[in-house]
>>> print(open('coords04.txt').read())   # compact mmCIF, C-alpha atoms and all ligand atoms
# COMPACT_ATOMS: atom_id res chain seq x y z
CA MET A 11 0.00 0.00 0.00
CA LEU A 12 1.06 3.58 -0.60
CA THR A 13 2.30 5.47 2.44
CA ILE A 14 2.43 9.24 2.28
CA TYR A 15 4.17 11.28 4.97
CA HIS A 16 1.95 14.21 5.75
CA VAL A 17 2.08 17.59 7.41
CA PRO A 18 -1.19 19.53 7.14
CA ARG A 19 -1.10 22.54 4.77
CA THR A 20 2.08 21.36 3.06
CA ARG A 21 2.50 19.85 -0.39
CA SER A 22 1.66 16.39 0.98
CA VAL A 23 -1.92 17.50 0.38
CA ARG A 24 -1.40 16.89 -3.36
CA PRO A 25 -0.66 13.13 -3.46
CA ILE A 26 -3.11 12.34 -0.64
CA TRP A 27 -5.91 14.27 -2.34
CA LEU A 28 -5.13 12.44 -5.58
CA CYS A 29 -5.31 9.03 -3.87
CA TYR A 30 -8.69 9.96 -2.41
CA GLU A 31 -9.96 11.14 -5.82
CA LEU A 32 -8.87 7.80 -7.28
CA ASP A 33 -10.23 5.83 -4.32
CA LEU A 34 -6.83 4.24 -3.75
CA PRO A 35 -5.88 2.70 -0.43
CA VAL A 36 -3.31 4.98 1.20
CA SER A 37 -1.74 5.13 4.60
CA VAL A 38 -1.29 8.73 5.75
CA GLU A 39 1.53 9.12 8.26
CA PHE A 40 1.44 12.40 10.16
CA MET A 41 5.02 13.43 10.76
CA ASP A 42 7.11 15.83 12.76
CA PHE A 43 7.86 18.96 10.70
CA SER A 44 10.57 20.23 13.04
CA PRO A 45 13.97 20.98 11.44
CA GLU A 46 15.48 18.49 13.91
CA PHE A 47 13.41 15.62 12.55
CA ARG A 48 13.75 16.71 8.93
CA ASN A 49 17.53 16.83 9.37
CA SER A 50 17.65 13.38 10.94
CA SER A 51 19.32 10.57 9.03
CA GLN A 52 16.03 8.64 9.24
CA TRP A 53 14.16 11.34 7.30
CA ARG A 54 17.06 12.21 4.99
CA ALA A 55 17.16 8.58 3.87
CA ILE A 56 13.80 9.08 2.12
CA SER A 57 13.90 12.82 1.52
CA PRO A 58 17.54 13.80 0.99
CA ALA A 59 16.91 17.55 1.06
CA GLY A 60 14.79 17.17 4.21
CA LYS A 61 11.53 18.26 2.56
CA VAL A 62 7.91 17.14 2.89
CA PRO A 63 6.24 15.11 1.44
CA ALA A 64 7.70 11.68 0.84
CA LEU A 65 6.01 8.57 -0.48
CA VAL A 66 6.79 4.92 0.06
CA ASP A 67 5.29 2.14 -2.05
CA GLY A 68 6.86 -1.27 -1.48
CA ASP A 69 10.56 -0.92 -2.22
CA LEU A 70 10.09 2.49 -3.83
CA SER A 71 10.55 5.68 -1.90
CA MET A 72 10.38 9.09 -3.50
CA PHE A 73 10.20 12.83 -2.84
CA GLU A 74 8.68 15.74 -4.91
CA SER A 75 4.90 16.07 -4.76
CA GLY A 76 4.47 16.58 -8.52
CA ALA A 77 6.52 13.48 -9.30
CA MET A 78 4.33 11.54 -6.86
CA VAL A 79 1.24 12.69 -8.72
CA ASP A 80 2.80 11.48 -11.99
CA TYR A 81 3.80 8.17 -10.43
CA ILE A 82 0.43 7.46 -8.83
CA LEU A 83 -1.40 8.22 -12.07
CA GLU A 84 1.00 6.21 -14.20
CA ARG A 85 0.88 3.17 -11.92
CA TYR A 86 -2.65 3.20 -10.55
CA GLY A 87 -4.60 5.79 -12.53
CA ASN A 88 -5.80 3.66 -15.45
CA GLY A 89 -5.96 6.80 -17.56
CA ARG A 90 -8.02 8.74 -15.03
CA LEU A 91 -7.47 12.40 -14.17
CA GLN A 92 -5.04 13.13 -16.97
CA PRO A 93 -5.40 13.57 -20.73
CA ALA A 94 -4.01 11.05 -23.21
CA PRO A 95 -0.22 11.43 -23.73
CA GLY A 96 0.87 13.25 -26.84
CA THR A 97 -2.27 15.39 -27.12
CA ASN A 98 -2.66 19.17 -26.85
CA GLU A 99 -4.64 18.60 -23.65
CA SER A 100 -1.73 16.66 -22.23
CA ALA A 101 0.59 19.57 -23.01
CA ALA A 102 -1.78 21.94 -21.19
CA TYR A 103 -2.03 19.48 -18.30
CA ARG A 104 1.76 19.35 -17.89
CA GLN A 105 2.05 23.10 -18.28
CA TRP A 106 -0.37 23.76 -15.41
CA CYS A 107 1.14 21.07 -13.18
CA TRP A 108 4.59 22.60 -13.56
CA PHE A 109 3.31 26.15 -13.26
CA ALA A 110 1.55 25.28 -9.98
CA GLU A 111 4.79 24.12 -8.38
CA ALA A 112 7.68 25.80 -10.15
CA THR A 113 6.20 29.24 -10.82
CA LEU A 114 3.26 29.93 -8.52
CA VAL A 115 3.87 28.26 -5.20
CA ARG A 116 7.55 29.07 -4.77
CA PRO A 117 7.17 32.85 -4.42
CA LEU A 118 4.04 32.28 -2.30
CA GLY A 119 6.09 30.16 0.08
CA LEU A 120 8.79 32.82 0.10
CA VAL A 121 6.33 35.59 0.95
CA ARG A 122 4.89 33.51 3.79
CA LEU A 123 8.37 32.83 5.12
CA LEU A 124 9.53 36.44 4.90
CA ARG A 125 6.36 37.86 6.48
CA ALA A 126 6.75 35.52 9.42
CA ARG A 127 10.29 36.69 10.06
CA ASP A 128 11.95 39.82 11.24
CA GLU A 129 15.56 39.32 10.39
CA SER A 130 18.14 41.16 8.37
CA ILE A 131 18.39 40.57 4.67
CA ASP A 132 21.77 38.92 5.20
CA THR A 133 20.27 36.32 7.54
CA LEU A 134 17.55 35.58 5.01
CA ILE A 135 20.08 35.29 2.16
CA ASP A 136 22.18 32.94 4.30
CA GLU A 137 19.10 30.83 4.97
CA ALA A 138 18.18 30.70 1.27
CA GLU A 139 21.74 29.69 0.45
CA ALA A 140 21.60 26.95 3.08
CA LYS A 141 18.43 25.61 1.43
CA CYS A 142 20.18 25.65 -1.97
CA ARG A 143 23.06 23.74 -0.43
CA GLU A 144 20.71 21.10 0.99
CA SER A 145 19.37 20.45 -2.50
CA LEU A 146 22.85 20.53 -4.07
CA ALA A 147 24.02 18.01 -1.46
CA ALA A 148 21.12 15.71 -2.39
CA VAL A 149 22.19 15.76 -6.04
CA GLU A 150 25.87 15.43 -5.09
CA SER A 151 24.99 12.31 -3.15
CA VAL A 152 22.99 10.60 -5.90
CA LEU A 153 25.88 11.19 -8.32
CA THR A 154 28.32 9.28 -6.09
CA ASP A 155 27.97 6.05 -8.04
CA ARG A 156 26.68 7.15 -11.44
CA PRO A 157 27.40 9.60 -14.23
CA TYR A 158 23.77 10.70 -14.70
CA LEU A 159 20.77 11.03 -12.41
CA LEU A 160 19.19 7.72 -13.37
CA GLY A 161 22.39 5.74 -13.82
CA GLU A 162 24.56 5.09 -16.84
CA ASP A 163 22.22 6.70 -19.35
CA PHE A 164 21.57 10.36 -19.95
CA SER A 165 17.87 11.29 -19.72
CA ALA A 166 15.81 14.44 -20.00
CA ALA A 167 16.00 14.66 -16.19
CA ASP A 168 19.66 15.63 -16.74
CA ILE A 169 18.54 18.47 -18.97
CA MET A 170 16.22 19.75 -16.24
CA MET A 171 18.88 19.32 -13.58
CA GLY A 172 21.74 20.50 -15.80
CA TYR A 173 20.23 23.95 -16.22
CA SER A 174 19.60 24.30 -12.48
CA VAL A 175 23.02 23.08 -11.46
CA ALA A 176 24.71 25.32 -14.03
CA MET A 177 22.85 28.26 -12.43
CA ALA A 178 24.19 27.16 -9.06
CA GLN A 179 27.81 27.14 -10.28
CA PRO A 180 28.85 30.12 -8.11
CA LEU A 181 27.94 28.01 -5.07
CA LEU A 182 29.79 24.90 -6.18
CA ALA A 183 33.44 25.87 -5.61
CA ASP A 184 35.29 22.73 -4.41
CA ARG A 185 32.52 21.47 -2.17
CA TYR A 186 30.67 19.27 -4.63
CA PRO A 187 33.15 17.25 -6.72
CA ASN A 188 30.47 14.96 -8.18
CA LEU A 189 28.37 17.92 -9.23
CA ALA A 190 31.33 19.72 -10.75
CA ALA A 191 32.20 16.60 -12.78
CA TYR A 192 28.52 16.21 -13.74
CA VAL A 193 28.37 19.76 -15.08
CA ARG A 194 31.56 19.17 -17.09
CA ARG A 195 30.07 15.92 -18.45
CA LEU A 196 26.86 17.64 -19.47
CA MET A 197 28.63 20.58 -21.04
CA ALA A 198 30.80 18.23 -23.10
CA ARG A 199 27.73 16.79 -24.81
CA GLU A 200 27.40 17.59 -28.46
CA ALA A 201 23.86 18.90 -28.03
CA TYR A 202 25.00 21.20 -25.22
CA GLN A 203 27.87 22.50 -27.34
CA ARG A 204 25.43 23.20 -30.12
CA LEU A 205 23.24 25.10 -27.69
CA ALA A 206 26.22 27.04 -26.31
CA SER A 207 27.17 28.17 -29.80
CA LEU A 208 23.75 29.70 -30.52
CA THR A 209 23.94 33.39 -31.26
CA PRO A 210 21.14 35.94 -31.59
N1 LIG B 1 9.07 20.87 -4.88
C1 LIG B 1 8.95 20.13 -3.64
C2 LIG B 1 8.95 21.16 -2.52
C3 LIG B 1 9.02 20.49 -1.16
C4 LIG B 1 8.95 21.54 -0.06
O1 LIG B 1 9.58 22.62 -0.12
N2 LIG B 1 8.16 21.21 0.97
C5 LIG B 1 8.03 22.13 2.09
C6 LIG B 1 6.67 21.87 2.74
S1 LIG B 1 5.34 22.26 1.65
C7 LIG B 1 9.13 21.87 3.09
O2 LIG B 1 9.46 20.72 3.35
N3 LIG B 1 9.71 22.94 3.65
C8 LIG B 1 10.73 22.86 4.63
C9 LIG B 1 12.00 23.54 4.20
O3 LIG B 1 12.10 24.00 3.04
O4 LIG B 1 12.91 23.64 5.01
C10 LIG B 1 7.68 19.30 -3.67
O5 LIG B 1 6.78 19.62 -4.47
O6 LIG B 1 7.58 18.29 -2.94
>>> encode(input="coords04.txt", output="structure tokens")
Amino acid sequence: MLTIYHVPRTRSVRPIWLCYELDLPVSVEFMDFSPEFRNSSQWRAISPAGKVPALVDGDLSMFESGAMVDYILERYGNGRLQPAPGTNESAAYRQWCWFAEATLVRPLGLVRLLRARDESIDTLIDEAEAKCRESLAAVESVLTDRPYLLGEDFSAADIMMGYSVAMAQPLLADRYPNLAAYVRRLMAREAYQRLASLTP
């Protein structure tokens, strides 16, 4: 059975709501949202950047609420609640899913965080950088035993990640050797070179 680790009013709402819409059996585990618990090795083993939610299904464990939605639909959805792949509706579906997480909710979360705090800009910048480093460390760790995110083979996930990691280059310095090698590997790709040589 699916287990989803839940904190009310966080993104764990998404996969749980989806399971209920699909009438899927799901075990909802309320969890401790304290930084202490989220930094524990127990939690980091399923959510390497210490975020909520996480999902466990048999021997699979995963993080990222949008990816959970994709997984649940792909495995248990039987075509429900998403348009047929390769259609215009599917493109619109993906667009709004990504917009909801990547574009809309991030600044909303930031506003909520900043309004709740009364610290200097430098403290807030330091905190944001620490959060970036948590995510970079998660990618650094997965690249310990593989050249690409999924293993030996390059996938489009490396395109998504490659752009983000390249943006993070000023933070890399010598602290993330796997990431630095990963960026070099990606940039050496013929398609990347072709992209880099584009001119207006
Ligand atoms: N893109 C991730 C974002 C995960 C995320 O930032 N979750 C928040 C709760 S909604 C969290 O764990 N915040 C704690 C922190 O950033 O320290 C997802 O969709 O799962």
>>> closest_atom_pairs(input="coords04.txt", of="chain A", to="ligand LIG 1 (chain B)", cutoff="10 Å", atoms="all atoms listed in the file", output="CSV")
residue,atom,partner,partner_atom,distance
A:His16,CA,B:LIG1,C6,9.5
A:Val17,CA,B:LIG1,C6,7.8
A:Pro18,CA,B:LIG1,S1,9.0
A:Arg19,CA,B:LIG1,S1,7.2
A:Thr20,CA,B:LIG1,S1,3.7
A:Arg21,CA,B:LIG1,S1,4.2
A:Ser22,CA,B:LIG1,S1,7.0
A:Val23,CA,B:LIG1,S1,8.8
A:Arg24,CA,B:LIG1,O5,8.7
A:Pro25,CA,B:LIG1,O6,9.7
A:Phe43,CA,B:LIG1,O2,7.7
A:Ser44,CA,B:LIG1,C8,8.8
A:Pro45,CA,B:LIG1,O4,7.0
A:Arg48,CA,B:LIG1,O4,8.0
A:Asn49,CA,B:LIG1,O4,9.3
A:Ser57,CA,B:LIG1,O2,9.2
A:Ala59,CA,B:LIG1,O3,8.3
A:Gly60,CA,B:LIG1,O2,6.5
A:Lys61,CA,B:LIG1,O2,3.3
A:Val62,CA,B:LIG1,O2,3.9
A:Pro63,CA,B:LIG1,O6,5.6
A:Ala64,CA,B:LIG1,O6,7.6
A:Met72,CA,B:LIG1,O6,9.6
A:Phe73,CA,B:LIG1,O6,6.1
A:Glu74,CA,B:LIG1,O6,3.4
A:Ser75,CA,B:LIG1,O6,3.9
A:Gly76,CA,B:LIG1,O5,5.6
A:Ala77,CA,B:LIG1,O5,7.8
A:Met78,CA,B:LIG1,O6,8.5
A:Val79,CA,B:LIG1,O5,9.8
A:Trp108,CA,B:LIG1,O5,9.8
A:Ala110,CA,B:LIG1,O5,9.5
A:Glu111,CA,B:LIG1,O5,6.3
A:Ala112,CA,B:LIG1,N1,7.3
A:Val115,CA,B:LIG1,N1,9.0
A:Arg116,CA,B:LIG1,O1,8.2
A:Gly119,CA,B:LIG1,S1,8.1
A:Leu120,CA,B:LIG1,O3,9.9
A:Leu123,CA,B:LIG1,O3,9.8
A:Glu137,CA,B:LIG1,O4,9.5
A:Ala138,CA,B:LIG1,O3,9.2
A:Ala140,CA,B:LIG1,O4,9.5
A:Lys141,CA,B:LIG1,O3,6.7
A:Cys142,CA,B:LIG1,O3,9.6
A:Glu144,CA,B:LIG1,O4,9.1
A:Ser145,CA,B:LIG1,O3,9.8
>>> residues_near_point(input="coords04.txt", point="(7.3, 1.9, 0.2)", cutoff="12 Å", atoms="all atoms listed in the file", output="compact mmCIF listing (two decimals) with C-alpha atoms, keeping the file's coordinate frame")
# COMPACT_ATOMS: atom_id res chain seq x y z
CA MET A 11 0.00 0.00 0.00
CA LEU A 12 1.06 3.58 -0.60
CA THR A 13 2.30 5.47 2.44
CA ILE A 14 2.43 9.24 2.28
CA TYR A 15 4.17 11.28 4.97
CA VAL A 36 -3.31 4.98 1.20
CA SER A 37 -1.74 5.13 4.60
CA ILE A 56 13.80 9.08 2.12
CA ALA A 64 7.70 11.68 0.84
CA LEU A 65 6.01 8.57 -0.48
CA VAL A 66 6.79 4.92 0.06
CA ASP A 67 5.29 2.14 -2.05
CA GLY A 68 6.86 -1.27 -1.48
CA ASP A 69 10.56 -0.92 -2.22
CA LEU A 70 10.09 2.49 -3.83
CA SER A 71 10.55 5.68 -1.90
CA MET A 72 10.38 9.09 -3.50
CA PHE A 73 10.20 12.83 -2.84
>>> atom_distance(input="coords04.txt", atom1="CA of Tyr86 in chain A", atom2="CA of Cys29 in chain A")
9.3 Å
>>> axis_aligned_box(input="coords04.txt", around="range 198-205 of chain A", padding_each_side="3 Å", output="JSON")
{"center_x": 27.0, "center_y": 20.9, "center_z": -26.6, "size_x": 13.6, "size_y": 14.3, "size_z": 13.0}
>>> closest_atom_pairs(input="coords04.txt", of="range 40-159 of chain A", to="range 177-195 of chain A", cutoff="7 Å", atoms="all atoms listed in the file", output="Markdown table")
| residue | atom | partner | partner_atom | distance |
| --- | --- | --- | --- | --- |
| A:Glu150 | CA | A:Leu189 | CA | 5.4 |
| A:Leu153 | CA | A:Asn188 | CA | 5.9 |
| A:Thr154 | CA | A:Asn188 | CA | 6.4 |
| A:Pro157 | CA | A:Tyr192 | CA | 6.7 |
>>> closest_residue(input="coords04.txt", among="A:Met41, A:Ile131, A:Leu91, A:Ile169", to="Leu205 in chain A", atoms="only C-alpha atoms")
A:Ile169
>>> atom_distance(input="coords04.txt", atom1="CA of Arg125 in chain A", atom2="CA of Phe47 in chain A")
24.1 Å
>>> atom_distance(input="coords04.txt", atom1="CA of Glu139 in chain A", atom2="CA of Tyr202 in chain A")
27.2 Å
>>> closest_residue(input="coords04.txt", among="A:Glu39, A:Glu46, A:Glu129, A:Pro58", to="Val152 in chain A", atoms="all atoms listed in the file")
A:Pro58
>>> decode(input="coords04.txt", residues="range 76-97 of chain A", atoms="N, CA and C atoms", output="PDB file, in the first residue's frame")
ATOM      1  N   GLY A  76       4.942  16.681  -7.130  1.00  0.00           N
ATOM      2  CA  GLY A  76       4.472  16.577  -8.519  1.00  0.00           C
ATOM      3  C   GLY A  76       4.863  15.244  -9.135  1.00  0.00           C
ATOM      4  N   ALA A  77       6.071  14.782  -8.782  1.00  0.00           N
ATOM      5  CA  ALA A  77       6.523  13.482  -9.295  1.00  0.00           C
ATOM      6  C   ALA A  77       5.655  12.371  -8.705  1.00  0.00           C
ATOM      7  N   MET A  78       5.221  12.548  -7.469  1.00  0.00           N
ATOM      8  CA  MET A  78       4.328  11.543  -6.857  1.00  0.00           C
ATOM      9  C   MET A  78       3.007  11.490  -7.610  1.00  0.00           C
ATOM     10  N   VAL A  79       2.498  12.641  -7.961  1.00  0.00           N
ATOM     11  CA  VAL A  79       1.242  12.690  -8.721  1.00  0.00           C
ATOM     12  C   VAL A  79       1.424  11.935 -10.044  1.00  0.00           C
ATOM     13  N   ASP A  80       2.525  12.195 -10.725  1.00  0.00           N
ATOM     14  CA  ASP A  80       2.802  11.485 -11.989  1.00  0.00           C
ATOM     15  C   ASP A  80       2.873   9.978 -11.755  1.00  0.00           C
ATOM     16  N   TYR A  81       3.611   9.608 -10.704  1.00  0.00           N
ATOM     17  CA  TYR A  81       3.805   8.171 -10.431  1.00  0.00           C
ATOM     18  C   TYR A  81       2.473   7.487 -10.112  1.00  0.00           C
ATOM     19  N   ILE A  82       1.703   8.087  -9.243  1.00  0.00           N
ATOM     20  CA  ILE A  82       0.431   7.458  -8.827  1.00  0.00           C
ATOM     21  C   ILE A  82      -0.481   7.294 -10.043  1.00  0.00           C
ATOM     22  N   LEU A  83      -0.529   8.322 -10.886  1.00  0.00           N
ATOM     23  CA  LEU A  83      -1.400   8.223 -12.067  1.00  0.00           C
ATOM     24  C   LEU A  83      -0.896   7.165 -13.037  1.00  0.00           C
ATOM     25  N   GLU A  84       0.429   7.155 -13.238  1.00  0.00           N
ATOM     26  CA  GLU A  84       1.003   6.208 -14.195  1.00  0.00           C
ATOM     27  C   GLU A  84       0.785   4.767 -13.728  1.00  0.00           C
ATOM     28  N   ARG A  85       0.944   4.543 -12.429  1.00  0.00           N
ATOM     29  CA  ARG A  85       0.883   3.166 -11.918  1.00  0.00           C
ATOM     30  C   ARG A  85      -0.528   2.713 -11.593  1.00  0.00           C
ATOM     31  N   TYR A  86      -1.341   3.627 -11.072  1.00  0.00           N
ATOM     32  CA  TYR A  86      -2.648   3.200 -10.553  1.00  0.00           C
ATOM     33  C   TYR A  86      -3.823   3.949 -11.178  1.00  0.00           C
ATOM     34  N   GLY A  87      -3.532   4.893 -12.062  1.00  0.00           N
ATOM     35  CA  GLY A  87      -4.598   5.792 -12.526  1.00  0.00           C
ATOM     36  C   GLY A  87      -5.496   5.216 -13.605  1.00  0.00           C
ATOM     37  N   ASN A  88      -5.004   4.208 -14.328  1.00  0.00           N
ATOM     38  CA  ASN A  88      -5.797   3.662 -15.447  1.00  0.00           C
ATOM     39  C   ASN A  88      -6.363   4.764 -16.341  1.00  0.00           C
ATOM     40  N   GLY A  89      -5.550   5.745 -16.631  1.00  0.00           N
ATOM     41  CA  GLY A  89      -5.957   6.802 -17.561  1.00  0.00           C
ATOM     42  C   GLY A  89      -6.847   7.873 -16.952  1.00  0.00           C
ATOM     43  N   ARG A  90      -7.143   7.741 -15.637  1.00  0.00           N
ATOM     44  CA  ARG A  90      -8.023   8.744 -15.026  1.00  0.00           C
ATOM     45  C   ARG A  90      -7.256  10.022 -14.661  1.00  0.00           C
ATOM     46  N   LEU A  91      -7.952  11.103 -14.668  1.00  0.00           N
ATOM     47  CA  LEU A  91      -7.475  12.403 -14.172  1.00  0.00           C
ATOM     48  C   LEU A  91      -6.264  12.972 -14.915  1.00  0.00           C
ATOM     49  N   GLN A  92      -6.032  12.466 -16.119  1.00  0.00           N
ATOM     50  CA  GLN A  92      -5.042  13.133 -16.966  1.00  0.00           C
ATOM     51  C   GLN A  92      -5.366  12.823 -18.427  1.00  0.00           C
ATOM     52  N   PRO A  93      -5.099  13.799 -19.318  1.00  0.00           N
ATOM     53  CA  PRO A  93      -5.402  13.575 -20.733  1.00  0.00           C
ATOM     54  C   PRO A  93      -4.464  12.547 -21.369  1.00  0.00           C
ATOM     55  N   ALA A  94      -4.837  12.029 -22.510  1.00  0.00           N
ATOM     56  CA  ALA A  94      -4.012  11.046 -23.210  1.00  0.00           C
ATOM     57  C   ALA A  94      -2.668  11.670 -23.588  1.00  0.00           C
ATOM     58  N   PRO A  95      -1.554  10.903 -23.389  1.00  0.00           N
ATOM     59  CA  PRO A  95      -0.222  11.434 -23.730  1.00  0.00           C
ATOM     60  C   PRO A  95      -0.142  11.829 -25.200  1.00  0.00           C
ATOM     61  N   GLY A  96       0.632  12.855 -25.463  1.00  0.00           N
ATOM     62  CA  GLY A  96       0.871  13.253 -26.843  1.00  0.00           C
ATOM     63  C   GLY A  96      -0.217  14.148 -27.418  1.00  0.00           C
ATOM     64  N   THR A  97      -1.194  14.519 -26.623  1.00  0.00           N
ATOM     65  CA  THR A  97      -2.266  15.393 -27.121  1.00  0.00           C
ATOM     66  C   THR A  97      -2.026  16.834 -26.660  1.00  0.00           C
TER      67      THR A  97
END
